[in-house]
Amino acid sequence: MTLRQLLGTELPIIQAPMAGVQGSALAVAVCNAGGLGSLPCAMLSLDAVRNELAAITSQTAKPYNVNFFCHAAPEPSAEREAMWRAALSPYYRAFGIEVDTTPAGPGRVPFDAEAAELLAEFKPAVVSFHFGLPSAELLARVKTAGSKILSSATTVDEALWLEAHGADAIIAQGVEAGGHRGMFLSDDLTTQVGTLALVPQIVQKVRVPVIAAGGIADSKGVAAAMTLGAAGVQVGTAYLLCAEATTSALHRAALKSEAARHTAVTNLFTGRPARSIMNRLMRELGPLSTAAPAFPLAAAAIAPLRAKAESRGSDDFSPLWSGQNNRGCKEIAAGVLTETLAADL
């Protein structure tokens, strides 16, 4: 079975789910162009997810993907939180923010039984996960509704684990990719390799279709990934400047600037490694910090700094998610971009 048959799409192009910079509009545009549009749900309430899914189903009859994180919720550590806020204290003082008045808590929630119940109402063609897979019981509920399961692997070991635990196709996420690394079997960043190296290694080891992700920004990149054995591609960064994306004005400006050429994997914004355009916070604290609380708890202490800076037109404390190959970002309609990506197939 080809990937297109598995997903029910005309094109082997998947729009990467990008929490915080998109909603249903981007997903609908990609679906209607023949690709697989995706809705990221990790930062949405259940009511918001329901509203977005209703918007998608009212605007397209094509298959779509609903994406969730499935991380284990961490135990809060008062000591780690205090260490993190101490590291940020000079910035708090500069903005006149009281350290102890900023709320603590998660900003991203893992997939749970309530989310599975909601999916049963809509029965999406595809459900994808980041950071592994949910419990066998929850996964069985999703599969019973008829949804195909995708998840990200950053190593061969992760790909084999996903195949053994029920994934219908595997997203091979190269280290070039923007946003959060999908790694879940190890925290060791030295295990992370590029897309061109990762895809053929995973293709050789698994029987399910492999989807290439990371550094793919145009039709030549899509064709190259397919030549390496990928059954399709997942593209994220290239969609960030599309009109249908909700990418902020500051983020859009950064993507169009010379600064976009320098990205790094950082844990400062959420507590988990993710690729962003370098900015002041990353330069001054270093992209990776042992003080940052476990994912997603690090985000709470950053939030007031981000809000203050953004109100003054600065992206110094904002996560500027971007892959290494952001030259494919174009201010064009998402449907046109989707068709352009498939031009050499």
# chains A, B, ... in the order shown; residues from 1 in each chain; ligands from 1
>>> select_by_dssp(residues="segment 54-141 of chain A", states="alpha helix (DSSP H)", output="PyMOL selection string")
chain A and resi 54-59+78-95+113-122+136-141
>>> write_last_selection(atoms="C-alpha atoms", output="compact mmCIF listing (two decimals), in the first residue's frame")
# COMPACT_ATOMS: atom_id res chain seq x y z
CA ALA A 54 -15.90 21.42 13.16
CA ALA A 55 -14.33 24.18 11.05
CA ILE A 56 -12.24 21.66 9.12
CA THR A 57 -15.10 19.27 8.43
CA SER A 58 -17.33 22.13 7.28
CA GLN A 59 -14.75 23.29 4.72
CA ALA A 78 10.27 23.67 43.46
CA GLU A 79 14.08 23.57 43.50
CA ARG A 80 14.34 23.40 39.70
CA GLU A 81 11.72 26.13 39.30
CA ALA A 82 13.61 28.40 41.71
CA MET A 83 16.87 27.77 39.84
CA TRP A 84 15.20 28.63 36.55
CA ARG A 85 13.64 31.82 37.83
CA ALA A 86 16.98 32.82 39.34
CA ALA A 87 18.59 32.41 35.91
CA LEU A 88 15.90 34.66 34.44
CA SER A 89 15.88 37.16 37.31
CA PRO A 90 18.05 39.83 35.57
CA TYR A 91 15.47 39.99 32.78
CA TYR A 92 12.60 40.17 35.27
CA ARG A 93 14.28 43.09 36.99
CA ALA A 94 14.89 44.88 33.68
CA PHE A 95 11.19 44.63 32.83
CA ALA A 113 -9.06 9.72 27.44
CA GLU A 114 -11.11 12.89 26.95
CA ALA A 115 -9.24 13.67 23.75
CA ALA A 116 -9.78 10.10 22.53
CA GLU A 117 -13.51 10.48 23.24
CA LEU A 118 -13.62 13.69 21.23
CA LEU A 119 -11.84 12.06 18.29
CA ALA A 120 -14.49 9.33 18.27
CA GLU A 121 -17.04 12.02 17.35
CA PHE A 122 -15.10 13.18 14.29
CA ALA A 136 -1.97 0.82 24.29
CA GLU A 137 -5.52 1.34 25.57
CA LEU A 138 -5.79 4.90 24.24
CA LEU A 139 -4.17 3.96 20.95
CA ALA A 140 -6.64 1.08 20.51
CA ARG A 141 -9.52 3.53 20.98
>>> select_by_dssp(residues="segment 95-331 of chain A", states="strand (DSSP E or B)", output="PyMOL selection string")
chain A and resi 110+126-130+148-153+169-173+179-180+210-213+232-235+263-266+274-277+321
>>> residues_around(residues="Cys242 of chain A", least_positions_apart="5", cutoff="8 Å", atoms="only C-alpha atoms", output="list in words")
Cys329, Lys330, Glu331, Ile332, Ala333 and Ala334 of chain A
>>> residues_around(residues="segment 198-215 of chain A", least_positions_apart="4", cutoff="8 Å", atoms="only C-alpha atoms", output="PyMOL selection string")
chain A and resi 2-3+154-156+159-160+163+168-178+193-194+221+225+228-235+323-326
>>> atom_distance(atom1="atom CA of Thr340 of chain A", atom2="atom CA of Ser219 of chain A")
6.5 Å
>>> closest_residue(among="A:Ala72, A:Leu297, A:Ala223, A:Ala33", to="Leu345 of chain A", atoms="only C-alpha atoms")
A:Ala223
>>> residues_around(residues="Ala249 of chain A", least_positions_apart="6", cutoff="12 Å", atoms="only C-alpha atoms", output="list in words")
Val21, Leu240, Leu241, Ala243, Leu255, Lys256, Glu310, Ser311, Gly313, Ser314, Asp315, Ser318 and Leu320 of chain A
>>> closest_residue(among="A:Thr191, A:Pro12, A:Pro110, A:Pro74", to="Leu44 of chain A", atoms="only C-alpha atoms")
A:Pro110
>>> closest_residue(among="A:Ala294, A:Ala264, A:Cys31, A:Val222", to="Met282 of chain A", atoms="only C-alpha atoms")
A:Ala264
>>> residues_around(residues="Glu258 of chain A", least_positions_apart="4", cutoff="12 Å", atoms="only C-alpha atoms", output="count of residues only")
8
>>> closest_residue(among="A:Ala309, A:Ala291, A:Val28, A:Leu133", to="Asn267 of chain A", atoms="only C-alpha atoms")
A:Ala291
>>> atom_distance(atom1="atom CA of Lys220 of chain A", atom2="atom CA of Asp344 of chain A")
6.7 Å
>>> closest_residue(among="A:Thr270, A:Thr190, A:Thr237, A:Gln5", to="Gln22 of chain A", atoms="only C-alpha atoms")
A:Thr237
>>> atom_distance(atom1="atom CA of Ala125 of chain A", atom2="atom CA of Leu36 of chain A")
9.7 Å
>>> residues_around(residues="Ala73 of chain A", least_positions_apart="4", cutoff="9 Å", atoms="only C-alpha atoms", output="list in words")
Pro106, Val109, Pro110, Phe295 and Pro296 of chain A
